[in-house]
Amino acid sequence: MNIILFGPPGAGKGTQSEALAKDFSLFQISTGDLLREEIKKRSDLGNKIKSIIDKGMLVSDQTINNLIENILSNKKFDNRLIFDGYPRNINQAKDLDKLIKKYKQKIASVLSLNVDKSVITKRILGRQVCSNCGLTFNEFFKPANIKEHDCDPKFLQKRTDDNEKTIVSRLETYTKETLPILNYYKNQNLLYEVDGMGDIDEIYSKISQIIRSLDT
Ligand code: AMP
């Protein structure tokens, strides 16, 4: 089954996807992570992507489509994907439908995490990503501890777009470009709304229950 985890920046999509991928043997596809990989290469494309991300805007649909087609065409991932932070606008949602059809796959459901703005800001400002193992933590809500994370604390880093100024434009972009996708999936009867305000385990239990109930 392919699942889309939908929600504003800082909703907890990454944290929940990491756990779902592990428990349901899915592959987490975060377009944000794939773009950050390109930035690390310091290629021309990577530099362009960095300046867009730091402004809180969306990277071009063409760039994203190429990344997604590479994944959907790979048999290893066949019908085992959890999309985290994709699609981000209506064109991407329509392009995804075309690719899903082309590679004979299916979207099983779209889970939308509803979270208040005040919580979003705190989650984003507290986020730390380990540059060694890729795991995500949060200074306020999920501090890294030895039991779950044995890399040196020096690897825990903040993302350059996780600052108060960029959060404002990321939220504007979300409201203007990403939010309209919800109706698109609602009309296809694929949408499940989940209260994303509780703690990580509470939210996880709601999401995993929905996934277990899917008839796939
Ligand atoms: P994220 O890691 O999902 O918070 O994404 C970080 C940034 O990467 C976003 O603010 C966008 O600039 C860019 N980005 C991530 N996914 C997409 C996408 N599907 N389409 C366009 N831009 C994206």
# chains A, B, ... in the order shown; residues from 1 in each chain; ligands from 1
$ closest_atom_pairs --of "region 101-171 of chain A" --to "region 35-41 of chain A" --cutoff "12 Å" --atoms "only C-alpha atoms" --output "CSV"
residue,atom,partner,partner_atom,distance
A:Val129,CA,A:Arg36,CA,11.9
A:Ser131,CA,A:Lys40,CA,11.0
A:Gly134,CA,A:Glu37,CA,11.1
A:Arg159,CA,A:Arg36,CA,9.7
A:Thr160,CA,A:Arg36,CA,10.6
A:Asp161,CA,A:Arg36,CA,11.1
$ residues_around --residues "region 94-108 of chain A" --least-positions-apart "6" --cutoff "9 Å" --atoms "only C-alpha atoms" --output "list in words"
Met1, Asn2, Ile3, Ile4, Asp61, Asn65, Ile68, Glu69, Leu72, Ser73, Asp78, Asn79, Pro87, Leu190, Ile211, Leu214, Asp215 and Thr216 of chain A
$ residues_around --residues "Lys158 (chain A)" --least-positions-apart "6" --cutoff "10 Å" --atoms "only C-alpha atoms" --output "VMD selection string"
chain A and resid 124 to 131 138
$ residues_near_ligand --ligand "ligand 1" --cutoff "8 Å" --atoms "only C-alpha atoms and all ligand atoms" --output "PyMOL selection string"
chain A and resi 9-10+14+30-33+35-36+49+52-61+64+84-89+92+161+170
$ write_last_selection --atoms "N, CA and C atoms" --output "PDB file, in the first residue's frame"
ATOM      1  N   PRO A   9       3.914  22.316   7.711  1.00  0.00           N
ATOM      2  CA  PRO A   9       5.276  22.116   8.203  1.00  0.00           C
ATOM      3  C   PRO A   9       5.233  21.991   9.720  1.00  0.00           C
ATOM      4  N   GLY A  10       6.000  21.073  10.276  1.00  0.00           N
ATOM      5  CA  GLY A  10       6.046  20.930  11.729  1.00  0.00           C
ATOM      6  C   GLY A  10       4.894  20.122  12.308  1.00  0.00           C
ATOM      7  N   GLY A  14       7.289  13.771   9.494  1.00  0.00           N
ATOM      8  CA  GLY A  14       8.548  13.021   9.445  1.00  0.00           C
ATOM      9  C   GLY A  14       8.650  12.023  10.591  1.00  0.00           C
ATOM     10  N   SER A  30      10.568  11.239   1.822  1.00  0.00           N
ATOM     11  CA  SER A  30      10.420  12.655   2.149  1.00  0.00           C
ATOM     12  C   SER A  30      11.084  13.455   1.036  1.00  0.00           C
ATOM     13  N   THR A  31      10.259  14.212   0.289  1.00  0.00           N
ATOM     14  CA  THR A  31      10.859  15.003  -0.796  1.00  0.00           C
ATOM     15  C   THR A  31      11.814  16.043  -0.204  1.00  0.00           C
ATOM     16  N   GLY A  32      11.499  16.541   1.013  1.00  0.00           N
ATOM     17  CA  GLY A  32      12.409  17.491   1.673  1.00  0.00           C
ATOM     18  C   GLY A  32      13.778  16.859   1.890  1.00  0.00           C
ATOM     19  N   ASP A  33      13.802  15.607   2.378  1.00  0.00           N
ATOM     20  CA  ASP A  33      15.088  14.925   2.603  1.00  0.00           C
ATOM     21  C   ASP A  33      15.829  14.711   1.281  1.00  0.00           C
ATOM     22  N   LEU A  35      15.642  16.495  -1.371  1.00  0.00           N
ATOM     23  CA  LEU A  35      16.181  17.793  -1.817  1.00  0.00           C
ATOM     24  C   LEU A  35      17.413  18.175  -1.004  1.00  0.00           C
ATOM     25  N   ARG A  36      17.368  17.905   0.303  1.00  0.00           N
ATOM     26  CA  ARG A  36      18.543  18.229   1.143  1.00  0.00           C
ATOM     27  C   ARG A  36      19.757  17.378   0.750  1.00  0.00           C
ATOM     28  N   ILE A  49      18.218  24.843  -5.263  1.00  0.00           N
ATOM     29  CA  ILE A  49      17.219  24.293  -4.335  1.00  0.00           C
ATOM     30  C   ILE A  49      17.363  24.956  -2.966  1.00  0.00           C
ATOM     31  N   ILE A  52      15.755  28.337  -2.708  1.00  0.00           N
ATOM     32  CA  ILE A  52      14.280  28.271  -2.688  1.00  0.00           C
ATOM     33  C   ILE A  52      13.791  27.818  -1.307  1.00  0.00           C
ATOM     34  N   ILE A  53      14.421  26.770  -0.785  1.00  0.00           N
ATOM     35  CA  ILE A  53      14.009  26.239   0.523  1.00  0.00           C
ATOM     36  C   ILE A  53      14.176  27.297   1.618  1.00  0.00           C
ATOM     37  N   ASP A  54      15.282  28.033   1.557  1.00  0.00           N
ATOM     38  CA  ASP A  54      15.520  29.047   2.594  1.00  0.00           C
ATOM     39  C   ASP A  54      14.553  30.226   2.499  1.00  0.00           C
ATOM     40  N   LYS A  55      13.871  30.348   1.361  1.00  0.00           N
ATOM     41  CA  LYS A  55      12.844  31.401   1.247  1.00  0.00           C
ATOM     42  C   LYS A  55      11.460  30.852   1.630  1.00  0.00           C
ATOM     43  N   GLY A  56      11.383  29.564   1.906  1.00  0.00           N
ATOM     44  CA  GLY A  56      10.086  28.972   2.286  1.00  0.00           C
ATOM     45  C   GLY A  56       9.160  28.755   1.108  1.00  0.00           C
ATOM     46  N   MET A  57       9.744  28.724  -0.115  1.00  0.00           N
ATOM     47  CA  MET A  57       8.903  28.511  -1.302  1.00  0.00           C
ATOM     48  C   MET A  57       8.996  27.051  -1.766  1.00  0.00           C
ATOM     49  N   LEU A  58       8.242  26.722  -2.808  1.00  0.00           N
ATOM     50  CA  LEU A  58       8.275  25.339  -3.310  1.00  0.00           C
ATOM     51  C   LEU A  58       9.270  25.197  -4.455  1.00  0.00           C
ATOM     52  N   VAL A  59       9.983  24.095  -4.444  1.00  0.00           N
ATOM     53  CA  VAL A  59      10.898  23.735  -5.532  1.00  0.00           C
ATOM     54  C   VAL A  59      10.038  23.346  -6.751  1.00  0.00           C
ATOM     55  N   SER A  60      10.589  23.486  -7.974  1.00  0.00           N
ATOM     56  CA  SER A  60       9.764  23.293  -9.185  1.00  0.00           C
ATOM     57  C   SER A  60       9.165  21.888  -9.262  1.00  0.00           C
ATOM     58  N   ASP A  61       7.962  21.839  -9.834  1.00  0.00           N
ATOM     59  CA  ASP A  61       7.270  20.551  -9.985  1.00  0.00           C
ATOM     60  C   ASP A  61       8.103  19.570 -10.814  1.00  0.00           C
ATOM     61  N   ILE A  64      10.676  17.884  -8.685  1.00  0.00           N
ATOM     62  CA  ILE A  64      10.037  16.925  -7.778  1.00  0.00           C
ATOM     63  C   ILE A  64       9.556  15.695  -8.551  1.00  0.00           C
ATOM     64  N   ASP A  84       5.971  11.623   2.542  1.00  0.00           N
ATOM     65  CA  ASP A  84       6.035  12.589   3.647  1.00  0.00           C
ATOM     66  C   ASP A  84       6.407  13.948   3.051  1.00  0.00           C
ATOM     67  N   GLY A  85       5.412  14.839   3.007  1.00  0.00           N
ATOM     68  CA  GLY A  85       5.685  16.173   2.441  1.00  0.00           C
ATOM     69  C   GLY A  85       5.533  16.224   0.930  1.00  0.00           C
ATOM     70  N   TYR A  86       4.821  15.301   0.379  1.00  0.00           N
ATOM     71  CA  TYR A  86       4.542  15.245  -1.061  1.00  0.00           C
ATOM     72  C   TYR A  86       3.190  14.576  -1.254  1.00  0.00           C
ATOM     73  N   PRO A  87       2.341  15.030  -2.167  1.00  0.00           N
ATOM     74  CA  PRO A  87       2.467  16.200  -3.018  1.00  0.00           C
ATOM     75  C   PRO A  87       2.232  17.504  -2.254  1.00  0.00           C
ATOM     76  N   ARG A  88       2.736  18.614  -2.820  1.00  0.00           N
ATOM     77  CA  ARG A  88       2.677  19.919  -2.142  1.00  0.00           C
ATOM     78  C   ARG A  88       1.788  20.912  -2.883  1.00  0.00           C
ATOM     79  N   ASN A  89       1.299  20.560  -4.063  1.00  0.00           N
ATOM     80  CA  ASN A  89       0.327  21.427  -4.747  1.00  0.00           C
ATOM     81  C   ASN A  89      -0.510  20.541  -5.677  1.00  0.00           C
ATOM     82  N   GLN A  92       1.242  18.684  -8.528  1.00  0.00           N
ATOM     83  CA  GLN A  92       1.992  17.495  -8.074  1.00  0.00           C
ATOM     84  C   GLN A  92       1.025  16.343  -7.784  1.00  0.00           C
ATOM     85  N   ASP A 161      16.188  26.203   7.355  1.00  0.00           N
ATOM     86  CA  ASP A 161      14.868  26.832   7.143  1.00  0.00           C
ATOM     87  C   ASP A 161      13.995  26.764   8.403  1.00  0.00           C
ATOM     88  N   ARG A 170       6.815  29.661   4.970  1.00  0.00           N
ATOM     89  CA  ARG A 170       6.452  28.246   4.733  1.00  0.00           C
ATOM     90  C   ARG A 170       4.968  28.030   5.016  1.00  0.00           C
TER      91      ARG A 170
END
$ select_by_dssp --residues "region 3-212 of chain A" --states "strand (DSSP E)" --output "PyMOL selection string"
chain A and resi 3-6+27-30+81-84+107-114+127-130+136-138+156-157+191-195
$ select_by_dssp --residues "region 11-176 of chain A" --states "alpha helix (DSSP H)" --output "MDAnalysis selection string"
chainID A and resid 13:23 31:40 44:54 61:72 90:102 117:126 164:173
$ closest_residue --among "A:Asp199, A:Thr166, A:Lys154, A:Arg212" --to "Ser51 (chain A)" --atoms "only C-alpha atoms"
A:Thr166
$ closest_residue --among "A:Gln157, A:Asn74, A:Asn189, A:Ser112" --to "Phe27 (chain A)" --atoms "only C-alpha atoms"
A:Asn74
$ residues_around --residues "Glu18 (chain A)" --least-positions-apart "4" --cutoff "12 Å" --atoms "only C-alpha atoms" --output "PyMOL selection string"
chain A and resi 5+12-14+22-30+81-84+134-137+200+204
$ atom_distance --atom1 "CA of Asn47 (chain A)" --atom2 "CA of Thr15 (chain A)"
26.6 Å
$ atom_distance --atom1 "CA of Asn183 (chain A)" --atom2 "CA of Lys117 (chain A)"
20.8 Å
$ residues_around --residues "Cys151 (chain A)" --least-positions-apart "5" --cutoff "10 Å" --atoms "only C-alpha atoms" --output "PyMOL selection string"
chain A and resi 130-133+144-146+156
$ write_last_selection --atoms "N, CA and C atoms" --output "CSV table (one decimal), in the first residue's frame"
chain,number,residue,atom,x,y,z
A,130,CYS,N,19.8,14.4,13.2
A,130,CYS,CA,21.1,13.9,13.3
A,130,CYS,C,21.7,13.7,11.9
A,131,SER,N,22.8,14.4,11.7
A,131,SER,CA,23.4,14.4,10.4
A,131,SER,C,24.2,13.1,10.1
A,132,ASN,N,24.3,12.3,11.2
A,132,ASN,CA,25.0,11.0,11.1
A,132,ASN,C,24.0,9.9,10.7
A,133,CYS,N,22.9,9.8,11.4
A,133,CYS,CA,22.0,8.6,11.2
A,133,CYS,C,20.6,9.1,10.5
A,144,ALA,N,16.8,13.8,22.2
A,144,ALA,CA,17.6,12.6,21.9
A,144,ALA,C,18.1,12.0,23.2
A,145,ASN,N,18.0,10.7,23.3
A,145,ASN,CA,18.5,10.0,24.5
A,145,ASN,C,19.3,8.8,24.1
A,146,ILE,N,20.2,8.4,25.0
A,146,ILE,CA,21.1,7.3,24.7
A,146,ILE,C,20.4,6.0,24.2
A,156,LEU,N,23.8,16.4,16.1
A,156,LEU,CA,22.4,17.0,16.1
A,156,LEU,C,22.4,18.4,15.6
